[in-house]
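What follows is protein-v7.pdb (PDB, C-alpha atoms and all ligand atoms).
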ATOM      1  CA  MET A   1       0.000   0.000   0.000  1.00  0.00           C
ATOM      2  CA  LYS A   2       2.826   2.358   0.898  1.00  0.00           C
ATOM      3  CA  ALA A   3       4.574   1.702  -2.445  1.00  0.00           C
ATOM      4  CA  SER A   4       1.322   2.233  -4.342  1.00  0.00           C
ATOM      5  CA  ILE A   5       0.656   5.546  -2.588  1.00  0.00           C
ATOM      6  CA  GLU A   6       4.188   6.714  -3.348  1.00  0.00           C
ATOM      7  CA  SER A   7       3.993   5.605  -6.998  1.00  0.00           C
ATOM      8  CA  LEU A   8       1.104   8.064  -7.386  1.00  0.00           C
ATOM      9  CA  GLY A   9       3.344  10.869  -6.164  1.00  0.00           C
ATOM     10  CA  PHE A  10       2.111  11.144  -2.588  1.00  0.00           C
ATOM     11  CA  ASP A  11       4.124  10.772   0.594  1.00  0.00           C
ATOM     12  CA  VAL A  12       2.622   8.732   3.436  1.00  0.00           C
ATOM     13  CA  SER A  13       4.133  11.178   5.928  1.00  0.00           C
ATOM     14  CA  ASP A  14       1.658  13.764   4.537  1.00  0.00           C
ATOM     15  CA  ILE A  15      -1.401  11.739   5.628  1.00  0.00           C
ATOM     16  CA  GLY A  16      -3.385  13.998   7.961  1.00  0.00           C
ATOM     17  CA  ILE A  17      -6.463  11.953   8.847  1.00  0.00           C
ATOM     18  CA  ILE A  18      -7.140   8.219   8.778  1.00  0.00           C
ATOM     19  CA  THR A  19     -10.604   6.703   8.789  1.00  0.00           C
ATOM     20  CA  THR A  20     -12.227   3.443   7.719  1.00  0.00           C
ATOM     21  CA  THR A  21     -15.603   2.206   6.560  1.00  0.00           C
ATOM     22  CA  GLN A  22     -15.508  -0.864   8.795  1.00  0.00           C
ATOM     23  CA  GLY A  23     -13.660  -2.426  11.724  1.00  0.00           C
ATOM     24  CA  HIS A  24     -12.588  -5.652  10.039  1.00  0.00           C
ATOM     25  CA  TRP A  25      -8.920  -6.666  10.047  1.00  0.00           C
ATOM     26  CA  ASP A  26      -8.558  -6.610   6.244  1.00  0.00           C
ATOM     27  CA  HIS A  27      -9.466  -2.897   6.314  1.00  0.00           C
ATOM     28  CA  VAL A  28      -7.599  -1.697   9.401  1.00  0.00           C
ATOM     29  CA  GLY A  29      -4.669  -4.067   9.975  1.00  0.00           C
ATOM     30  CA  ASP A  30      -2.052  -1.548   8.786  1.00  0.00           C
ATOM     31  CA  LEU A  31      -3.586   1.634  10.182  1.00  0.00           C
ATOM     32  CA  ALA A  32      -1.404   1.735  13.299  1.00  0.00           C
ATOM     33  CA  GLU A  33       1.671   1.715  11.043  1.00  0.00           C
ATOM     34  CA  PHE A  34       0.286   4.485   8.802  1.00  0.00           C
ATOM     35  CA  LYS A  35      -0.479   6.532  11.895  1.00  0.00           C
ATOM     36  CA  ARG A  36       3.025   5.917  13.225  1.00  0.00           C
ATOM     37  CA  VAL A  37       4.815   7.078  10.061  1.00  0.00           C
ATOM     38  CA  SER A  38       2.559  10.099   9.508  1.00  0.00           C
ATOM     39  CA  GLY A  39       1.346  11.231  12.924  1.00  0.00           C
ATOM     40  CA  ALA A  40      -2.149  11.317  11.389  1.00  0.00           C
ATOM     41  CA  SER A  41      -5.263  11.701  13.506  1.00  0.00           C
ATOM     42  CA  VAL A  42      -7.529   8.613  13.506  1.00  0.00           C
ATOM     43  CA  HIS A  43     -11.274   9.323  13.227  1.00  0.00           C
ATOM     44  CA  VAL A  44     -13.498   6.241  13.312  1.00  0.00           C
ATOM     45  CA  SER A  45     -17.028   5.148  14.093  1.00  0.00           C
ATOM     46  CA  GLU A  46     -17.780   5.211  17.813  1.00  0.00           C
ATOM     47  CA  ARG A  47     -19.138   1.668  17.544  1.00  0.00           C
ATOM     48  CA  ASP A  48     -16.043   0.185  15.895  1.00  0.00           C
ATOM     49  CA  ALA A  49     -13.431   2.182  17.851  1.00  0.00           C
ATOM     50  CA  PRO A  50     -13.176  -0.386  20.698  1.00  0.00           C
ATOM     51  CA  VAL A  51     -12.362  -3.184  18.217  1.00  0.00           C
ATOM     52  CA  LEU A  52      -9.594  -1.133  16.607  1.00  0.00           C
ATOM     53  CA  GLU A  53      -8.165  -0.154  19.987  1.00  0.00           C
ATOM     54  CA  SER A  54      -8.109  -3.821  21.023  1.00  0.00           C
ATOM     55  CA  GLY A  55      -6.130  -4.871  17.942  1.00  0.00           C
ATOM     56  CA  GLY A  56      -9.073  -6.938  16.760  1.00  0.00           C
ATOM     57  CA  HIS A  57      -9.363  -8.861  20.033  1.00  0.00           C
ATOM     58  CA  LEU A  58     -12.926  -7.703  20.678  1.00  0.00           C
ATOM     59  CA  ASP A  59     -15.317  -9.372  18.260  1.00  0.00           C
ATOM     60  CA  TYR A  60     -19.070  -9.627  18.757  1.00  0.00           C
ATOM     61  CA  ARG A  61     -18.964 -13.143  17.312  1.00  0.00           C
ATOM     62  CA  LEU A  62     -16.394 -14.369  19.858  1.00  0.00           C
ATOM     63  CA  PRO A  63     -17.353 -13.328  23.398  1.00  0.00           C
ATOM     64  CA  GLU A  64     -14.159 -14.906  24.754  1.00  0.00           C
ATOM     65  CA  GLY A  65     -12.073 -12.664  22.455  1.00  0.00           C
ATOM     66  CA  ARG A  66     -10.106 -13.691  19.392  1.00  0.00           C
ATOM     67  CA  GLY A  67      -6.647 -12.531  20.449  1.00  0.00           C
ATOM     68  CA  ILE A  68      -4.756  -9.504  19.158  1.00  0.00           C
ATOM     69  CA  ILE A  69      -4.481  -9.921  15.373  1.00  0.00           C
ATOM     70  CA  TYR A  70      -3.054  -6.508  14.389  1.00  0.00           C
ATOM     71  CA  ASP A  71      -1.294  -3.580  16.065  1.00  0.00           C
ATOM     72  CA  PRO A  72      -3.851  -1.827  18.293  1.00  0.00           C
ATOM     73  CA  ILE A  73      -4.852   1.540  16.810  1.00  0.00           C
ATOM     74  CA  GLU A  74      -5.019   4.616  18.990  1.00  0.00           C
ATOM     75  CA  VAL A  75      -8.280   6.382  18.116  1.00  0.00           C
ATOM     76  CA  ASP A  76      -8.176  10.182  18.381  1.00  0.00           C
ATOM     77  CA  ARG A  77     -11.826  10.912  17.652  1.00  0.00           C
ATOM     78  CA  THR A  78     -14.969   8.813  17.481  1.00  0.00           C
ATOM     79  CA  ILE A  79     -17.698   9.738  15.015  1.00  0.00           C
ATOM     80  CA  ALA A  80     -21.432   9.109  14.852  1.00  0.00           C
ATOM     81  CA  ASP A  81     -24.084   9.360  12.158  1.00  0.00           C
ATOM     82  CA  GLY A  82     -24.022  12.776  10.467  1.00  0.00           C
ATOM     83  CA  ASP A  83     -20.663  13.825  11.892  1.00  0.00           C
ATOM     84  CA  THR A  84     -18.195  15.374   9.492  1.00  0.00           C
ATOM     85  CA  ILE A  85     -14.499  14.897   8.928  1.00  0.00           C
ATOM     86  CA  ARG A  86     -12.832  17.984   7.510  1.00  0.00           C
ATOM     87  CA  LEU A  87      -9.431  18.296   5.860  1.00  0.00           C
ATOM     88  CA  GLY A  88      -8.773  21.507   3.924  1.00  0.00           C
ATOM     89  CA  ASP A  89     -11.759  22.107   1.651  1.00  0.00           C
ATOM     90  CA  THR A  90     -12.876  18.479   1.761  1.00  0.00           C
ATOM     91  CA  VAL A  91     -15.700  17.618   4.133  1.00  0.00           C
ATOM     92  CA  LEU A  92     -16.766  13.998   4.535  1.00  0.00           C
ATOM     93  CA  THR A  93     -20.175  13.293   6.037  1.00  0.00           C
ATOM     94  CA  ALA A  94     -20.451  10.003   7.947  1.00  0.00           C
ATOM     95  CA  HIS A  95     -23.468   7.764   7.359  1.00  0.00           C
ATOM     96  CA  ALA A  96     -24.133   5.126  10.016  1.00  0.00           C
ATOM     97  CA  HIS A  97     -24.513   2.090   7.762  1.00  0.00           C
ATOM     98  CA  TYR A  98     -24.339  -0.468  10.525  1.00  0.00           C
ATOM     99  CA  GLY A  99     -24.675  -4.206  10.026  1.00  0.00           C
ATOM    100  CA  HIS A 100     -21.602  -5.515   8.239  1.00  0.00           C
ATOM    101  CA  THR A 101     -19.810  -4.529  11.432  1.00  0.00           C
ATOM    102  CA  PRO A 102     -21.539  -2.947  14.440  1.00  0.00           C
ATOM    103  CA  GLY A 103     -20.085   0.443  13.490  1.00  0.00           C
ATOM    104  CA  SER A 104     -19.671   0.232   9.711  1.00  0.00           C
ATOM    105  CA  MET A 105     -20.088   3.551   7.910  1.00  0.00           C
ATOM    106  CA  SER A 106     -20.282   5.076   4.456  1.00  0.00           C
ATOM    107  CA  PHE A 107     -18.955   8.540   3.644  1.00  0.00           C
ATOM    108  CA  SER A 108     -20.196  11.157   1.208  1.00  0.00           C
ATOM    109  CA  PHE A 109     -18.568  14.351   0.001  1.00  0.00           C
ATOM    110  CA  SER A 110     -18.764  16.902  -2.783  1.00  0.00           C
ATOM    111  CA  THR A 111     -15.983  17.566  -5.208  1.00  0.00           C
ATOM    112  CA  ARG A 112     -15.605  19.094  -8.628  1.00  0.00           C
ATOM    113  CA  ASP A 113     -13.420  19.061 -11.710  1.00  0.00           C
ATOM    114  CA  ASP A 114     -13.299  21.529 -14.608  1.00  0.00           C
ATOM    115  CA  ALA A 115     -16.569  20.199 -15.977  1.00  0.00           C
ATOM    116  CA  ARG A 116     -18.931  19.954 -13.008  1.00  0.00           C
ATOM    117  CA  ALA A 117     -19.568  19.147  -9.354  1.00  0.00           C
ATOM    118  CA  TYR A 118     -20.097  15.597  -8.112  1.00  0.00           C
ATOM    119  CA  ASN A 119     -21.656  14.034  -5.049  1.00  0.00           C
ATOM    120  CA  VAL A 120     -19.400  11.156  -4.164  1.00  0.00           C
ATOM    121  CA  LEU A 121     -20.341   8.152  -2.043  1.00  0.00           C
ATOM    122  CA  VAL A 122     -17.844   5.770  -0.479  1.00  0.00           C
ATOM    123  CA  ALA A 123     -20.325   3.018   0.340  1.00  0.00           C
ATOM    124  CA  ASN A 124     -19.826   0.253   2.838  1.00  0.00           C
ATOM    125  CA  MET A 125     -21.928  -2.390   1.108  1.00  0.00           C
ATOM    126  CA  ASN A 126     -23.751  -4.540   3.609  1.00  0.00           C
ATOM    127  CA  SER A 127     -22.650  -8.048   2.834  1.00  0.00           C
ATOM    128  CA  ILE A 128     -23.211 -10.671   5.532  1.00  0.00           C
ATOM    129  CA  ASN A 129     -20.032 -12.586   6.285  1.00  0.00           C
ATOM    130  CA  ALA A 130     -20.186 -16.385   6.230  1.00  0.00           C
ATOM    131  CA  GLY A 131     -21.342 -17.755   9.564  1.00  0.00           C
ATOM    132  CA  VAL A 132     -22.929 -14.521  10.820  1.00  0.00           C
ATOM    133  CA  LYS A 133     -26.396 -15.066  12.291  1.00  0.00           C
ATOM    134  CA  LEU A 134     -29.068 -12.385  11.982  1.00  0.00           C
ATOM    135  CA  LEU A 135     -31.304 -13.877  14.682  1.00  0.00           C
ATOM    136  CA  ASP A 136     -28.686 -15.338  17.000  1.00  0.00           C
ATOM    137  CA  SER A 137     -25.858 -12.860  17.558  1.00  0.00           C
ATOM    138  CA  PRO A 138     -25.958 -12.132  21.307  1.00  0.00           C
ATOM    139  CA  GLY A 139     -22.857  -9.954  20.985  1.00  0.00           C
ATOM    140  CA  TYR A 140     -24.669  -7.745  18.462  1.00  0.00           C
ATOM    141  CA  PRO A 141     -28.366  -7.872  19.394  1.00  0.00           C
ATOM    142  CA  THR A 142     -29.531  -5.231  16.864  1.00  0.00           C
ATOM    143  CA  ILE A 143     -27.780  -6.788  13.867  1.00  0.00           C
ATOM    144  CA  ALA A 144     -30.939  -7.702  11.915  1.00  0.00           C
ATOM    145  CA  GLU A 145     -32.508  -4.249  12.414  1.00  0.00           C
ATOM    146  CA  ASP A 146     -29.235  -2.520  11.562  1.00  0.00           C
ATOM    147  CA  PHE A 147     -28.920  -4.394   8.274  1.00  0.00           C
ATOM    148  CA  ALA A 148     -32.530  -3.564   7.369  1.00  0.00           C
ATOM    149  CA  THR A 149     -32.102   0.142   8.204  1.00  0.00           C
ATOM    150  CA  THR A 150     -28.866   0.390   6.233  1.00  0.00           C
ATOM    151  CA  LEU A 151     -30.181  -1.406   3.150  1.00  0.00           C
ATOM    152  CA  ALA A 152     -33.240   0.868   3.093  1.00  0.00           C
ATOM    153  CA  ALA A 153     -31.077   3.978   3.478  1.00  0.00           C
ATOM    154  CA  GLN A 154     -28.633   2.924   0.773  1.00  0.00           C
ATOM    155  CA  ALA A 155     -31.479   2.221  -1.653  1.00  0.00           C
ATOM    156  CA  THR A 156     -32.516   5.894  -1.514  1.00  0.00           C
ATOM    157  CA  MET A 157     -29.070   7.358  -2.204  1.00  0.00           C
ATOM    158  CA  THR A 158     -28.292   8.794  -5.654  1.00  0.00           C
ATOM    159  CA  PRO A 159     -24.545   9.389  -5.867  1.00  0.00           C
ATOM    160  CA  ASP A 160     -22.994  10.906  -9.005  1.00  0.00           C
ATOM    161  CA  ILE A 161     -19.865   8.886  -8.288  1.00  0.00           C
ATOM    162  CA  TRP A 162     -19.629   5.819  -6.069  1.00  0.00           C
ATOM    163  CA  VAL A 163     -17.039   3.359  -4.903  1.00  0.00           C
ATOM    164  CA  SER A 164     -17.147   0.888  -2.041  1.00  0.00           C
ATOM    165  CA  SER A 165     -14.996  -0.963   0.457  1.00  0.00           C
ATOM    166  CA  HIS A 166     -14.123  -3.836  -1.904  1.00  0.00           C
ATOM    167  CA  ALA A 167     -13.117  -3.490  -5.570  1.00  0.00           C
ATOM    168  CA  GLY A 168     -15.427  -6.293  -6.676  1.00  0.00           C
ATOM    169  CA  GLN A 169     -18.460  -4.545  -5.183  1.00  0.00           C
ATOM    170  CA  PHE A 170     -18.178  -1.692  -7.684  1.00  0.00           C
ATOM    171  CA  ASN A 171     -16.704  -3.765 -10.541  1.00  0.00           C
ATOM    172  CA  LEU A 172     -13.444  -1.807 -10.403  1.00  0.00           C
ATOM    173  CA  HIS A 173     -11.485  -4.147 -12.617  1.00  0.00           C
ATOM    174  CA  GLU A 174     -14.179  -4.173 -15.294  1.00  0.00           C
ATOM    175  CA  ILE A 175     -14.698  -0.412 -15.462  1.00  0.00           C
ATOM    176  CA  TYR A 176     -11.131   0.791 -15.006  1.00  0.00           C
ATOM    177  CA  GLU A 177      -7.639  -0.305 -15.956  1.00  0.00           C
ATOM    178  CA  ALA A 178      -4.476   1.454 -14.815  1.00  0.00           C
ATOM    179  CA  GLY A 179      -3.537   4.015 -17.444  1.00  0.00           C
ATOM    180  CA  ASP A 180      -7.095   4.543 -18.711  1.00  0.00           C
ATOM    181  CA  PRO A 181      -7.801   8.216 -19.525  1.00  0.00           C
ATOM    182  CA  TYR A 182      -9.510  10.415 -16.926  1.00  0.00           C
ATOM    183  CA  ASP A 183     -13.244   9.756 -16.967  1.00  0.00           C
ATOM    184  CA  PRO A 184     -15.090  10.025 -13.665  1.00  0.00           C
ATOM    185  CA  THR A 185     -18.371   8.904 -15.252  1.00  0.00           C
ATOM    186  CA  ARG A 186     -17.082   5.320 -15.292  1.00  0.00           C
ATOM    187  CA  PHE A 187     -17.710   5.418 -11.522  1.00  0.00           C
ATOM    188  CA  GLY A 188     -21.143   6.964 -11.988  1.00  0.00           C
ATOM    189  CA  ASP A 189     -23.312   3.991 -12.943  1.00  0.00           C
ATOM    190  CA  LEU A 190     -26.328   4.514 -10.685  1.00  0.00           C
ATOM    191  CA  ALA A 191     -28.088   1.426 -12.055  1.00  0.00           C
ATOM    192  CA  ALA A 192     -25.075  -0.681 -11.050  1.00  0.00           C
ATOM    193  CA  TYR A 193     -25.166   0.893  -7.569  1.00  0.00           C
ATOM    194  CA  ARG A 194     -28.859   0.112  -7.181  1.00  0.00           C
ATOM    195  CA  ALA A 195     -28.341  -3.429  -8.475  1.00  0.00           C
ATOM    196  CA  LYS A 196     -25.613  -4.029  -5.907  1.00  0.00           C
ATOM    197  CA  VAL A 197     -27.752  -2.727  -3.026  1.00  0.00           C
ATOM    198  CA  ALA A 198     -30.652  -4.879  -4.267  1.00  0.00           C
ATOM    199  CA  GLU A 199     -28.359  -7.913  -4.405  1.00  0.00           C
ATOM    200  CA  TYR A 200     -27.484  -7.468  -0.726  1.00  0.00           C
ATOM    201  CA  GLN A 201     -31.130  -6.813   0.144  1.00  0.00           C
ATOM    202  CA  ASN A 202     -32.059 -10.133  -1.472  1.00  0.00           C
ATOM    203  CA  ALA A 203     -29.284 -11.980   0.348  1.00  0.00           C
ATOM    204  CA  TYR A 204     -30.465 -10.462   3.636  1.00  0.00           C
ATOM    205  CA  ASP A 205     -34.118 -11.334   2.986  1.00  0.00           C
ATOM    206  CA  GLU A 206     -33.231 -14.906   2.058  1.00  0.00           C
ATOM    207  CA  GLN A 207     -31.000 -15.485   5.070  1.00  0.00           C
ATOM    208  CA  LEU A 208     -33.542 -13.974   7.450  1.00  0.00           C
ATOM    209  CA  ALA A 209     -36.321 -16.175   6.044  1.00  0.00           C
ATOM    210  CA  GLU A 210     -34.096 -19.228   6.298  1.00  0.00           C
ATOM    211  CA  GLU A 211     -33.152 -18.496   9.919  1.00  0.00           C
ATOM    212  CA  ARG A 212     -36.821 -17.947  10.803  1.00  0.00           C
ATOM    213  CA  ARG A 213     -37.785 -21.279   9.238  1.00  0.00           C
ATOM    214  CA  ALA A 214     -35.019 -23.004  11.209  1.00  0.00           C
ATOM    215  CA  VAL A 215     -36.244 -21.738  14.611  1.00  0.00           C
ATOM    216  CA  ARG A 216     -39.898 -22.679  13.997  1.00  0.00           C
TER     217      ARG A 216
HETATM  218 ZN    ZN B   1     -15.696  -6.852   6.403  1.00  0.00          ZN
END

Go ahead and express the file in the form of structure tokens.
Ligand SMILES: [Zn+2]
Amino acid sequence: MKASIESLGFDVSDIGIITTTQGHWDHVGDLAEFKRVSGASVHVSERDAPVLESGGHLDYRLPEGRGIIYDPIEVDRTIADGDTIRLGDTVLTAHAHYGHTPGSMSFSFSTRDDARAYNVLVANMNSINAGVKLLDSPGYPTIAEDFATTLAAQATMTPDIWVSSHAGQFNLHEIYEAGDPYDPTRFGDLAAYRAKVAEYQNAYDEQLAEERRAVR
């Protein structure tokens, strides 16, 4: 990641603020190191901050703890729904899109190029990890409601540009190849966004129905 950032002409020591869309290890495992080399301030969801500070030890699925699996991350500021993160002229608005993790969030912001202004959404798509139970997660009692609230909220959003926490969720490697000419509209397929949200809504509905059948 460091080499990739530098190959684009940026210096990791210039990072001012670090945040994340979700408190899973594959998204936060290196954040302590990036904070160390940059002195950046870490702003994360108030509901995922304890997991990050525990180095991944706290996990709602494992009440006994899972052990420290990455360097614990010192959180400087916790954020809630509607809070903003400001750096220069860029203002991110946090959207509590809970479910995938107890504190998962999406972020929106406005930007512009020579042609026009864009509303940008960095969406945390609400996939349900294998093994997660919607009706039997004592460590996360509101998980089913949180997923439903998030999916409904995401279905109403109309970003001009959208990306998400995993490349495959916004078809990155189909719509963009390194070296392609500048064209922000390739990230502006609203139908693809709606299809992806609908896909996760269907998966949620199916799993919920299946779990309800199993407990009857
Ligand atoms: Zn995840």

*Using the chain letters and numbers from the file, give me the residues hit by the PyMOL selection byres (((chain A and resi 143) around 12) and not hetatm), as a PyMOL selection string.*
chain A and resi 60-61+97-104+126+128+132-142+144-150+204+208

_I'd like the residues picked by the PyMOL selection byres (((chain A and resi 38) around 12) and not hetatm) written out as a PyMOL selection string, using the chain letters and numbers from the file._
chain A and resi 2+11-18+31-37+39-42

*Using all atoms listed in the file, which residue out of A:Pro181, A:Asp113, A:Phe10, A:Met125 lies closest to ligand ZN 1 (chain B)?*
A:Met125

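If you look at CA of Arg66 (chain A) and CA of His24 (chain A), they are 12.6 Å away from each other.
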
Could you make a table, as a tab-separated table, of the residues of chain A that have an atom within 8 Å of an atom of ligand ZN 1 (chain B), each with its nearest atom pair and distance in Å to one decimal, counting all atoms listed in the file, in chain and number order?
residue	atom	partner	partner_atom	distance
A:Gln22	CA	B:ZN1	ZN	6.5
A:Gly23	CA	B:ZN1	ZN	7.2
A:His24	CA	B:ZN1	ZN	4.9
A:Trp25	CA	B:ZN1	ZN	7.7
A:Asp26	CA	B:ZN1	ZN	7.1
A:His27	CA	B:ZN1	ZN	7.4
A:His100	CA	B:ZN1	ZN	6.3
A:Thr101	CA	B:ZN1	ZN	6.9
A:Ser127	CA	B:ZN1	ZN	7.9
A:Asn129	CA	B:ZN1	ZN	7.2

Kindly save the residues from that selection, with C-alpha atoms included, as a short mmCIF file (atom, residue, chain, number, x, y, z; two decimals), in the frame of the given file.
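Dumped to selection_18.cif:
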data_model
loop_
_atom_site.label_atom_id
_atom_site.label_comp_id
_atom_site.auth_asym_id
_atom_site.auth_seq_id
_atom_site.Cartn_x
_atom_site.Cartn_y
_atom_site.Cartn_z
CA GLN A 22 -15.51 -0.86 8.80
CA GLY A 23 -13.66 -2.43 11.72
CA HIS A 24 -12.59 -5.65 10.04
CA TRP A 25 -8.92 -6.67 10.05
CA ASP A 26 -8.56 -6.61 6.24
CA HIS A 27 -9.47 -2.90 6.31
CA HIS A 100 -21.60 -5.52 8.24
CA THR A 101 -19.81 -4.53 11.43
CA SER A 127 -22.65 -8.05 2.83
CA ASN A 129 -20.03 -12.59 6.28
#

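Counting from CA of Asn124 (chain A), the distance to CA of Glu74 (chain A) is 22.3 Å.
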
*asked:* Give me, as a ChimeraX atom specification, all polymer residues having an atom no more than 10 Å from Thr90 (chain A), counting only C-alpha atoms and skipping those fewer than 5 positions away in the same chain.
replied: /A:84-85,109-111

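Each of A:Ala130, A:Leu121, A:Ile69, A:Ala178 was checked against Asp160 (chain A) using only C-alpha atoms; the smallest atom-to-atom distance is that of A:Leu121.
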
*Provide the CA of Pro159 (chain A) to CA of Val120 (chain A) distance in Å, to one decimal place.*
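Interatomic distance here is 5.7 Å.
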
*Of the listed residues A:Gly29, A:Gly9, A:Pro184, A:Pro63, that which approaches Asp114 (chain A) most closely, counting all atoms listed in the file*: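 Result for the nearest residue to Asp114 (chain A): A:Pro184.
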
*Which of these residues is nearest to Ser164 (chain A), using only C-alpha atoms: A:Tyr70, A:Gly179, A:Asp83, A:Tyr193?*
A:Tyr193
